[in-house]
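Undergrad: Before we start, here is the structure in question, set down as structure tokens.
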Amino acid sequence: MAMSFGLFSTSTLTLRPQVAVLPPPSPTLRVVRAVTSSTVSQPSAGKIRGIMKPRKISPEMQDLVGVPEISRTQALKEIWAYIKGNDLQDPENKRLIRCDEKLKKTYTRVNGVLCLATVIQDHNSSSHSRRRITITKSSDPNRGKPWTNHRLSPRGQQILQTLIHSHSIHLDHIFDHPPTSSDVLAIIKGLGFNQKYDLALSVFDWVRIWDRDRKGEEEGRVPLLSGSTIATTINILGKAGRVSSAASLLRTLQNDGFEIDVYAYTCLITAYATNGKYKDALSVFHNMKQDGCTPSLITYNVILNVYGKMGMPWSRVTDLVESMKIDGVFPDLYTYNTLITCCRRGSLYEEAVKLFDQIKLAGFTPDKVTYNALLDVFAKSRRPKEAMQVLKEMETNGFSPTTVTYNSLISAFARGGLLEEASQLKTQMVEKGIKPDVYTYTTLLSGFEKSGKDDSAMKIFEEMRAAGCKPNICTFNALIKMHGNRGNFVEMMKLFEEIKVCGCSPDIVTWNTLLAVFGQNGLDSQVSGVFKEMKRSGFVPERDTFNTLISAYSRCGSFDQAIAVYKSMLEAGVAPDLSTYNAVLAALARGGFWEQSEKVLAEMKDGRCKPNEITYSSLLHAYANGKEIEKMNAFAEEIYSGSIEAHAILLKTLVLVNSKSNLLKETERAFLELRRRGISPDIKTLNAMISIYGRKQMVAKANEILNFIYESGFTPTLTTYNSLMYMYSRSENFQKSEEILRKVLEKGIKPDKISYNTVIYAYCRNGRMKEASRIFSEMKDSALVPNVVTYNTFVAAYAADSMFIEAIDVVRYMIRQGCKPDQNTYNSIIDCYCKQNRQDEANSFVKNLGDFDPHVSKEEESRLLKRIMRKWP
């Protein structure tokens, strides 16, 4: 049976084709992978070069194709015609070829594998003029050693020293006789090593012009400018961050008629990628293919890495791998490691495991980078158990864990909410003599912040500083998020200013964090302001920024603006990823748009993006906000039964949505299931429990949860205090609502509208209008604008006490303040009139409504009159 091991299970996509052995008709026959017509590129217009250019070939290849010169693409066509004409395809699997004697002579074995693309290169006479050996960092004998000038001739050494040490340089005088091509290469390398980038570029331009002006003068003259020199110069400029100069150099060479080879293109692509200009890197990649230049293994590896950095959909990554196969390029271990890294962004742990298995099947041995990359995927996927299994295999195979290894493990446990285990791993790494770095501390700090344990987060920060570990921008971003999420905006902005004092600079994540914090707190004007300031600071919005803006605006209730951001993102050519879909789903969920949410989920499942636990969490919120309790319960049963993996996030979400829907029994079931599975609840989950117990006036239960919060080291949030204020505002002990409000202020937390409205309600409900008015004044003094709920509370209280003049005065005042009355505003007054059998006054109120509310509609007046009729049969 013929077999071919590849990266994917589909029959048409194999990364590393193996030579399959078929039952003989003859023991001398070989079997190779078929080359289809789809592997042949069409030549581009203009000068013929690259794989389109005809070249001399070996006698064996001439015997096969019948001509002395042929292009690589045409050779593929001729070989394919020969295979079909001589019926050499295997009848059961036409991708396999039975080689006859003539075809066998044209093949050589590369890493144990035969490939037609490689064969053509081997039998192309010009290909022997330039053979390169790819040296990885681990196998490079010169790694870590200083640059030496031993490759320079004595004259070349003299020129280099003159260039390095002279203040006034005239290249025409220094190069009075043109140096050799090898000296030119070594001189430019030497100047790059000594960081004389402008001088290296000047030497390159001098040599380029020399070659250009003498082109065709002497037959057989060897140009001074070689492909290696071009590639080296581009590489030097890229490492110096001068990518635009590198790109300009390449364009100039093309205009001068120089043939740009794969190594020069690859160096420019690498330069763009290293400097974060991923779109430009892809543009160069597409241009080189259009110019007929076949990408090399290194080129594909760089582009795969770019795809990973850009968060390209997995389908795009696999398409690129197929293109790589078509070009006859074999993946190496670096390719597989890069592909595993690409799985991180979408939390594609299953795909990463398949890749890991394929590495072994392809004959490679996983290295430390492989294991660390796989650990990182499991960390992003919140799978600590699987991460520990990788660690065991890694150690069994003789690889000692490093700081990077432990950081990935700590991240896996921290993301999974297992903070004690994460802290134990830090202790374990210290015991093994591995020093925690800034990422270790920041990962733990971030984990404690997300769980609501601010004190523990600050202890980690203090420990970090005591250990002499300087915080980086990631640390500041985590602290900014912590203070922002707690409403401590003063502390948050102090940290923002401290970034520069500590020698750091705000990065794109800093700005995204500020956008997220203000969005979460419903401050849409601040969201827009931060976004403008971010662009003024020179930051270009990228995918994460768009994702954050979608989430921020939807949290502010600006759903239309959130969708507008999504459309702007698509117009900007930014492809949506898993985080984008999840942000859109979260926006839909807040509006209760469950039908649209189901459509987005179906679109994701159709291949756009693999859903994860965050996706399903948003769907549950959509059901809850859309009052689709039956659908929510049915989905919950799928989680409990295991049809959908009962991830910690989904169990916590079930607590949240059932609490929000006021379903006590279902909320307690989800919470108990969470505890039964040994999953530590976070502060949001605990807040949801306090909220539902508070609404049900189960004071003892609420205090039980509150005590657990304190005993477990959690930091109560504003939501915690608001839930407690709500509970007491409906009880006989209503004055305790204000006591909690004072406690919030003492802790430096800024109360929100809900806080003040709750305390106002507590006093209004008990007829304490003077105290309610005092809290109202405090609310305005704190720069919070009272909303319709605030005013409706006063209107309802006055109307209930038959103080209709005061109630109507409140309505007049709210209208003057720009707050539009809603149906509840007028319902309160009408209902109280009716309760007191004052129908005429109720009708008169509606008749004169337009006198103080000029915006009231005829439909609203009609609705109120009908309401009076129903209340007064």
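In the structure tokens, chains take letters A, B, ... by order of appearance, with residues numbered from 1 within each chain and ligands from 1 in the order shown.
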Which polymer residues have any atom within 10 Å of an atom of Ser618 in chain A, counting only C-alpha atoms, with same-chain residues fewer than 3 positions away left out, as a short mmCIF file (atom, residue, chain, number, x, y, z; two decimals) with C-alpha atoms, in the first residue's frame?
TA:
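The resulting file, out_23.cif, is reproduced below:
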```cif
data_model
loop_
_atom_site.label_atom_id
_atom_site.label_comp_id
_atom_site.auth_asym_id
_atom_site.auth_seq_id
_atom_site.Cartn_x
_atom_site.Cartn_y
_atom_site.Cartn_z
CA ASN A 582 -15.72 37.05 19.62
CA ALA A 583 -15.82 40.85 19.94
CA VAL A 584 -18.69 41.04 17.41
CA LEU A 585 -20.49 38.22 19.23
CA ALA A 586 -20.03 40.03 22.55
CA ALA A 587 -21.51 43.18 20.98
CA LEU A 588 -24.50 41.20 19.67
CA ALA A 589 -24.89 39.50 23.04
CA ARG A 590 -25.15 42.81 24.88
CA TRP A 594 -29.29 35.84 19.70
CA SER A 597 -25.24 35.46 17.13
CA GLU A 613 -15.11 28.80 24.96
CA ILE A 614 -15.29 32.63 24.69
CA THR A 615 -17.48 32.23 21.59
CA HIS A 621 -25.11 35.95 27.15
CA ALA A 622 -27.05 36.59 23.91
CA TYR A 623 -29.70 34.07 24.99
CA ALA A 624 -29.89 35.58 28.48
CA LEU A 650 -18.44 28.27 30.37
CA THR A 653 -20.71 32.07 32.39
#
```
Undergrad: Neighbours of Tyr406 in chain A within 8 Å (only C-alpha atoms; same-chain residues fewer than 5 positions away dropped), as a PyMOL selection string?
TA: chain A and resi 401+425-426+429+440
Undergrad: Using the selection just defined, write its residues with C-alpha atoms as a CSV table (one decimal), in the first residue's frame.
TA:
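Saved file part.csv follows:
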```csv
chain,number,residue,atom,x,y,z
A,401,PRO,CA,13.2,23.5,30.9
A,425,LEU,CA,5.6,26.7,39.5
A,426,LYS,CA,7.5,29.9,40.1
A,429,MET,CA,11.7,27.2,38.8
A,440,THR,CA,7.2,35.5,34.9
```
Undergrad: For Ser579 in chain A, which residue out of A:Pro821, A:Gly363, A:Gly241, A:Gly311 is the nearest one, using only C-alpha atoms?
TA: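 Comparing A:Pro821, A:Gly363, A:Gly241, A:Gly311 against Ser579 in chain A, the winner is A:Gly311.
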Undergrad: Within 9 Å of range 152-165 of chain A, counting only C-alpha atoms, which residues qualify if same-chain residues fewer than 5 places away don't, as a VMD selection string?
TA: chain A and resid 171 174 to 175 179 to 180 182 to 184 186 to 188 190 to 191 194 196 199
Undergrad: For N, CA, C and O atoms, I'd like the residues from the last selection saved as a PDB file, in the first residue's frame.
TA:
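As written to disk, out.pdb reads:
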```
ATOM      1  N   LEU A 171      35.227  57.761  -2.503  1.00  0.00           N
ATOM      2  CA  LEU A 171      35.263  56.372  -2.954  1.00  0.00           C
ATOM      3  C   LEU A 171      36.015  56.208  -4.273  1.00  0.00           C
ATOM      4  O   LEU A 171      36.665  55.176  -4.501  1.00  0.00           O
ATOM      5  N   ILE A 174      39.562  55.797  -3.228  1.00  0.00           N
ATOM      6  CA  ILE A 174      39.828  54.530  -2.511  1.00  0.00           C
ATOM      7  C   ILE A 174      39.772  53.361  -3.481  1.00  0.00           C
ATOM      8  O   ILE A 174      40.604  52.451  -3.443  1.00  0.00           O
ATOM      9  N   PHE A 175      38.775  53.379  -4.368  1.00  0.00           N
ATOM     10  CA  PHE A 175      38.642  52.297  -5.343  1.00  0.00           C
ATOM     11  C   PHE A 175      39.295  52.729  -6.665  1.00  0.00           C
ATOM     12  O   PHE A 175      38.647  52.726  -7.712  1.00  0.00           O
ATOM     13  N   PRO A 179      37.893  46.597  -6.716  1.00  0.00           N
ATOM     14  CA  PRO A 179      38.191  45.400  -5.925  1.00  0.00           C
ATOM     15  C   PRO A 179      37.533  44.167  -6.549  1.00  0.00           C
ATOM     16  O   PRO A 179      36.723  44.282  -7.471  1.00  0.00           O
ATOM     17  N   THR A 180      37.889  43.018  -6.041  1.00  0.00           N
ATOM     18  CA  THR A 180      37.256  41.780  -6.532  1.00  0.00           C
ATOM     19  C   THR A 180      35.849  41.684  -5.965  1.00  0.00           C
ATOM     20  O   THR A 180      35.500  42.352  -4.989  1.00  0.00           O
ATOM     21  N   SER A 182      34.542  39.209  -4.346  1.00  0.00           N
ATOM     22  CA  SER A 182      34.553  38.673  -2.976  1.00  0.00           C
ATOM     23  C   SER A 182      34.966  39.745  -1.976  1.00  0.00           C
ATOM     24  O   SER A 182      34.462  39.786  -0.850  1.00  0.00           O
ATOM     25  N   ASP A 183      35.878  40.656  -2.373  1.00  0.00           N
ATOM     26  CA  ASP A 183      36.279  41.749  -1.485  1.00  0.00           C
ATOM     27  C   ASP A 183      35.115  42.723  -1.255  1.00  0.00           C
ATOM     28  O   ASP A 183      34.926  43.225  -0.146  1.00  0.00           O
ATOM     29  N   VAL A 184      34.356  42.999  -2.316  1.00  0.00           N
ATOM     30  CA  VAL A 184      33.203  43.898  -2.175  1.00  0.00           C
ATOM     31  C   VAL A 184      32.227  43.353  -1.123  1.00  0.00           C
ATOM     32  O   VAL A 184      31.760  44.078  -0.237  1.00  0.00           O
ATOM     33  N   ALA A 186      32.844  41.204   1.324  1.00  0.00           N
ATOM     34  CA  ALA A 186      33.433  41.227   2.667  1.00  0.00           C
ATOM     35  C   ALA A 186      33.527  42.647   3.220  1.00  0.00           C
ATOM     36  O   ALA A 186      33.331  42.867   4.426  1.00  0.00           O
ATOM     37  N   ILE A 187      33.818  43.629   2.364  1.00  0.00           N
ATOM     38  CA  ILE A 187      33.904  45.028   2.819  1.00  0.00           C
ATOM     39  C   ILE A 187      32.545  45.506   3.323  1.00  0.00           C
ATOM     40  O   ILE A 187      32.441  46.129   4.383  1.00  0.00           O
ATOM     41  N   ILE A 188      31.480  45.206   2.567  1.00  0.00           N
ATOM     42  CA  ILE A 188      30.136  45.618   2.987  1.00  0.00           C
ATOM     43  C   ILE A 188      29.749  44.912   4.289  1.00  0.00           C
ATOM     44  O   ILE A 188      29.163  45.524   5.194  1.00  0.00           O
ATOM     45  N   GLY A 190      31.823  43.934   6.597  1.00  0.00           N
ATOM     46  CA  GLY A 190      32.623  44.571   7.638  1.00  0.00           C
ATOM     47  C   GLY A 190      32.051  45.914   8.058  1.00  0.00           C
ATOM     48  O   GLY A 190      32.009  46.249   9.250  1.00  0.00           O
ATOM     49  N   LEU A 191      31.600  46.700   7.094  1.00  0.00           N
ATOM     50  CA  LEU A 191      30.998  47.998   7.418  1.00  0.00           C
ATOM     51  C   LEU A 191      29.688  47.814   8.192  1.00  0.00           C
ATOM     52  O   LEU A 191      29.398  48.568   9.126  1.00  0.00           O
ATOM     53  N   ASN A 194      30.475  46.981  11.771  1.00  0.00           N
ATOM     54  CA  ASN A 194      30.918  48.178  12.493  1.00  0.00           C
ATOM     55  C   ASN A 194      29.853  49.283  12.513  1.00  0.00           C
ATOM     56  O   ASN A 194      30.148  50.423  12.881  1.00  0.00           O
ATOM     57  N   LYS A 196      28.450  50.945  10.217  1.00  0.00           N
ATOM     58  CA  LYS A 196      28.650  52.042   9.257  1.00  0.00           C
ATOM     59  C   LYS A 196      27.661  51.841   8.105  1.00  0.00           C
ATOM     60  O   LYS A 196      28.040  51.533   6.967  1.00  0.00           O
ATOM     61  N   LEU A 199      27.778  54.201   5.026  1.00  0.00           N
ATOM     62  CA  LEU A 199      28.980  53.935   4.240  1.00  0.00           C
ATOM     63  C   LEU A 199      28.818  52.642   3.445  1.00  0.00           C
ATOM     64  O   LEU A 199      29.229  52.544   2.285  1.00  0.00           O
TER      65      LEU A 199
END
```
Undergrad: Which one is closest to Ser408 in chain A: A:Val438, A:Met394, A:Ala387, A:Ala575? Count only C-alpha atoms.
TA: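 Closest to Ser408 in chain A, using only C-alpha atoms: A:Ala387.
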Undergrad: With only C-alpha atoms as the atoms that count, which of A:Ala688, A:Lys743, A:Glu630, A:Glu598 lies nearest to Val655 in chain A?
TA: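 Under the stated criterion, the closest residue is A:Ala688.
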Undergrad: Report as number ranges by chain all protein, DNA and RNA residues lying within 10 Å of Ile808 in chain A, evaluated on only C-alpha atoms, omitting residues in the same chain fewer than 5 positions from it.
TA: A: 795, 798-799, 803, 813-814, 825-826, 829, 845, 849, 852
Undergrad: I need the chosen residues saved as a short mmCIF file (atom, residue, chain, number, x, y, z; two decimals), in the first residue's frame, with all heavy atoms.
TA:
```cif
data_model
loop_
_atom_site.label_atom_id
_atom_site.label_comp_id
_atom_site.auth_asym_id
_atom_site.auth_seq_id
_atom_site.Cartn_x
_atom_site.Cartn_y
_atom_site.Cartn_z
N VAL A 795 -39.60 60.94 40.88
CA VAL A 795 -40.98 61.10 40.38
C VAL A 795 -41.89 60.08 41.04
O VAL A 795 -42.99 60.42 41.55
CB VAL A 795 -41.03 60.97 38.84
CG1 VAL A 795 -42.48 60.89 38.35
CG2 VAL A 795 -40.31 62.13 38.17
N TYR A 798 -42.39 60.88 44.89
CA TYR A 798 -43.30 62.00 45.12
C TYR A 798 -44.74 61.64 44.77
O TYR A 798 -45.69 61.97 45.52
CB TYR A 798 -42.85 63.22 44.31
CG TYR A 798 -41.67 63.96 44.92
CD1 TYR A 798 -40.52 64.22 44.16
CD2 TYR A 798 -41.72 64.42 46.24
CE1 TYR A 798 -39.44 64.91 44.71
CE2 TYR A 798 -40.65 65.11 46.79
CZ TYR A 798 -39.51 65.36 46.03
OH TYR A 798 -38.45 66.03 46.58
N ALA A 799 -44.91 60.99 43.64
CA ALA A 799 -46.27 60.63 43.21
C ALA A 799 -46.91 59.67 44.20
O ALA A 799 -48.11 59.78 44.50
CB ALA A 799 -46.23 60.02 41.82
N MET A 803 -47.61 63.80 46.18
CA MET A 803 -46.95 65.09 45.98
C MET A 803 -46.76 65.29 44.47
O MET A 803 -45.65 65.28 43.94
CB MET A 803 -45.62 65.12 46.73
CG MET A 803 -45.78 64.90 48.24
SD MET A 803 -44.20 64.72 49.12
CE MET A 803 -43.54 66.39 48.98
N TYR A 813 -37.73 69.65 35.45
CA TYR A 813 -36.28 69.84 35.68
C TYR A 813 -35.46 68.89 34.80
O TYR A 813 -34.48 69.29 34.17
CB TYR A 813 -35.96 69.61 37.16
CG TYR A 813 -34.50 69.76 37.49
CD1 TYR A 813 -33.94 71.02 37.69
CD2 TYR A 813 -33.66 68.64 37.59
CE1 TYR A 813 -32.59 71.17 38.00
CE2 TYR A 813 -32.31 68.77 37.89
CZ TYR A 813 -31.77 70.03 38.09
OH TYR A 813 -30.43 70.18 38.38
N MET A 814 -35.88 67.62 34.73
CA MET A 814 -35.10 66.64 33.95
C MET A 814 -35.10 67.01 32.47
O MET A 814 -34.10 66.83 31.76
CB MET A 814 -35.61 65.20 34.17
CG MET A 814 -36.97 64.88 33.60
SD MET A 814 -37.58 63.22 34.06
CE MET A 814 -36.54 62.18 33.05
N THR A 825 -41.61 57.19 33.43
CA THR A 825 -41.76 58.50 34.08
C THR A 825 -43.23 58.86 34.21
O THR A 825 -43.72 59.19 35.31
CB THR A 825 -41.05 59.58 33.24
OG1 THR A 825 -39.74 59.15 32.88
CG2 THR A 825 -40.95 60.88 34.02
N TYR A 826 -43.95 58.79 33.09
CA TYR A 826 -45.35 59.19 33.09
C TYR A 826 -46.26 58.11 33.66
O TYR A 826 -47.32 58.42 34.25
CB TYR A 826 -45.77 59.57 31.67
CG TYR A 826 -45.01 60.76 31.13
CD1 TYR A 826 -44.35 60.72 29.90
CD2 TYR A 826 -44.94 61.94 31.87
CE1 TYR A 826 -43.65 61.82 29.43
CE2 TYR A 826 -44.23 63.03 31.40
CZ TYR A 826 -43.59 62.97 30.19
OH TYR A 826 -42.89 64.05 29.73
N ILE A 829 -46.81 58.65 37.44
CA ILE A 829 -47.76 59.70 37.81
C ILE A 829 -49.20 59.26 37.53
O ILE A 829 -50.10 59.39 38.38
CB ILE A 829 -47.42 61.00 37.05
CG1 ILE A 829 -46.03 61.51 37.48
CG2 ILE A 829 -48.48 62.07 37.28
CD1 ILE A 829 -45.52 62.70 36.70
N PHE A 845 -53.66 65.84 33.32
CA PHE A 845 -52.20 65.77 33.23
C PHE A 845 -51.76 65.41 31.81
O PHE A 845 -50.87 66.04 31.25
CB PHE A 845 -51.66 64.74 34.23
CG PHE A 845 -50.20 64.43 34.06
CD1 PHE A 845 -49.23 65.32 34.50
CD2 PHE A 845 -49.79 63.26 33.45
CE1 PHE A 845 -47.87 65.04 34.33
CE2 PHE A 845 -48.45 62.97 33.27
CZ PHE A 845 -47.48 63.86 33.72
N LEU A 849 -49.77 67.73 28.95
CA LEU A 849 -48.40 67.20 28.91
C LEU A 849 -47.50 67.98 27.96
O LEU A 849 -46.32 68.24 28.23
CB LEU A 849 -48.43 65.72 28.52
CG LEU A 849 -47.19 64.86 28.82
CD1 LEU A 849 -46.83 64.94 30.28
CD2 LEU A 849 -47.46 63.41 28.43
N PHE A 852 -45.21 71.22 29.11
CA PHE A 852 -43.85 71.18 29.68
C PHE A 852 -42.95 70.15 29.00
O PHE A 852 -41.76 70.09 29.28
CB PHE A 852 -43.89 70.95 31.20
CG PHE A 852 -44.61 69.70 31.64
CD1 PHE A 852 -43.97 68.48 31.67
CD2 PHE A 852 -45.93 69.78 32.03
CE1 PHE A 852 -44.63 67.35 32.08
CE2 PHE A 852 -46.60 68.64 32.44
CZ PHE A 852 -45.95 67.41 32.47
#
```
Undergrad: Would you list the contacts of Asp544 in chain A as a ChimeraX atom specification, taking every protein, DNA or RNA residue within 10 Å and counting only C-alpha atoms, but skipping same-chain residues closer than 5 positions in sequence?
TA: /A:311,508-509,512,549-550,576-577,579-580
Undergrad: For all heavy atoms, I'd like the residues from the last selection saved as a CSV table (one decimal), in the first residue's frame.
TA:
```csv
chain,number,residue,atom,x,y,z
A,311,GLY,N,-2.1,36.9,12.6
A,311,GLY,CA,-3.3,36.2,13.0
A,311,GLY,C,-4.1,35.7,11.9
A,311,GLY,O,-5.4,35.8,11.9
A,508,ILE,N,1.2,49.6,21.6
A,508,ILE,CA,-0.2,49.4,21.0
A,508,ILE,C,-1.1,48.8,22.1
A,508,ILE,O,-2.3,49.1,22.2
A,508,ILE,CB,-0.2,48.6,19.7
A,508,ILE,CG1,-1.5,48.7,19.0
A,508,ILE,CG2,0.2,47.2,20.0
A,508,ILE,CD1,-1.8,50.0,18.4
A,509,VAL,N,-0.5,47.9,22.9
A,509,VAL,CA,-1.3,47.2,23.9
A,509,VAL,C,-1.8,48.2,25.0
A,509,VAL,O,-2.9,48.1,25.5
A,509,VAL,CB,-0.5,46.0,24.6
A,509,VAL,CG1,-1.3,45.4,25.7
A,509,VAL,CG2,-0.2,45.0,23.5
A,512,ASN,N,-4.7,50.0,23.6
A,512,ASN,CA,-5.8,49.1,23.6
A,512,ASN,C,-6.4,48.9,25.0
A,512,ASN,O,-7.6,48.8,25.1
A,512,ASN,CB,-5.4,47.8,23.0
A,512,ASN,CG,-5.1,47.9,21.5
A,512,ASN,OD1,-5.5,48.9,20.8
A,512,ASN,ND2,-4.5,46.9,20.9
A,549,LEU,N,-12.0,48.2,20.1
A,549,LEU,CA,-12.9,49.3,19.8
A,549,LEU,C,-14.4,48.7,19.7
A,549,LEU,O,-15.3,49.3,20.2
A,549,LEU,CB,-12.6,50.1,18.5
A,549,LEU,CG,-11.5,51.1,18.7
A,549,LEU,CD1,-11.0,51.6,17.3
A,549,LEU,CD2,-12.0,52.3,19.5
A,550,ILE,N,-14.5,47.6,19.0
A,550,ILE,CA,-15.8,46.9,18.8
A,550,ILE,C,-16.3,46.6,20.2
A,550,ILE,O,-17.5,46.9,20.5
A,550,ILE,CB,-15.6,45.7,18.0
A,550,ILE,CG1,-15.3,46.0,16.5
A,550,ILE,CG2,-16.9,44.8,18.0
A,550,ILE,CD1,-14.8,44.8,15.7
A,576,PRO,N,-10.5,39.6,9.8
A,576,PRO,CA,-11.0,39.3,11.2
A,576,PRO,C,-10.4,37.9,11.6
A,576,PRO,O,-10.2,37.0,10.8
A,576,PRO,CB,-12.5,39.2,11.0
A,576,PRO,CG,-12.8,38.9,9.5
A,576,PRO,CD,-11.6,39.6,8.8
A,577,ASP,N,-10.1,37.8,12.9
A,577,ASP,CA,-9.7,36.6,13.5
A,577,ASP,C,-10.6,36.1,14.6
A,577,ASP,O,-11.7,36.7,14.7
A,577,ASP,CB,-8.2,36.7,14.0
A,577,ASP,CG,-8.2,37.7,15.2
A,577,ASP,OD1,-9.2,38.4,15.5
A,577,ASP,OD2,-7.1,37.8,15.8
A,579,SER,N,-10.6,36.6,17.8
A,579,SER,CA,-10.9,37.7,18.7
A,579,SER,C,-11.9,38.7,18.1
A,579,SER,O,-12.7,39.2,18.8
A,579,SER,CB,-9.6,38.4,19.1
A,579,SER,OG,-8.7,37.6,19.7
A,580,THR,N,-11.8,38.9,16.8
A,580,THR,CA,-12.7,39.8,16.1
A,580,THR,C,-14.2,39.2,16.2
A,580,THR,O,-15.1,39.9,16.6
A,580,THR,CB,-12.4,40.0,14.6
A,580,THR,OG1,-11.0,40.3,14.5
A,580,THR,CG2,-13.2,41.1,14.0
```
Undergrad: So that I can check the surroundings of Ser844 in chain A, please list as a list of chain:residue names every protein, DNA and RNA residue that reaches within 12 Å of it, counting only C-alpha atoms and ignoring chain neighbours fewer than 2 positions away.
TA: A:Ile829, A:Ile830, A:Tyr833, A:Arg838, A:Gln839, A:Asp840, A:Glu841, A:Ala842, A:Val846, A:Lys847, A:Asn848, A:Leu849, A:Gly850, A:Asp851, A:Glu861, A:Leu864, A:Leu865, A:Ile868
Undergrad: Which residues in range 484-646 of chain A does DSSP call alpha helix (DSSP H)? List them as a PyMOL selection string.
TA: chain A and resi 484-485+489-501+508-520+524-536+543-555+559-571+578-590+594-603+613-625+629-641
Undergrad: Can you work out the spacing between CA of Val788 in chain A and CA of Val810 in chain A in Å, to one decimal?
TA: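 Separation of CA of Val788 in chain A and CA of Val810 in chain A: 11.0 Å.
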Undergrad: Using only C-alpha atoms, can you tell me which of A:Cys469, A:Leu619, A:Met689, A:Leu253 comes closest to Gly592 in chain A?
TA: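 Going through A:Cys469, A:Leu619, A:Met689, A:Leu253 one by one, the smallest distance to Gly592 in chain A is for A:Leu619.
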Undergrad: Measuring atom to atom with only C-alpha atoms, identify which of A:Ser558, A:Thr548, A:Asn337, A:Ser737 is nearest to Ser525 in chain A.
TA: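 Closest candidate: A:Ser558.
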Undergrad: I'd like to know which of A:Glu859, A:Asp831, A:Glu668, A:Asp357 is closest to Ala800 in chain A, using only C-alpha atoms.
TA: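 That would be A:Asp831, the residue with the smallest distance to Ala800 in chain A.
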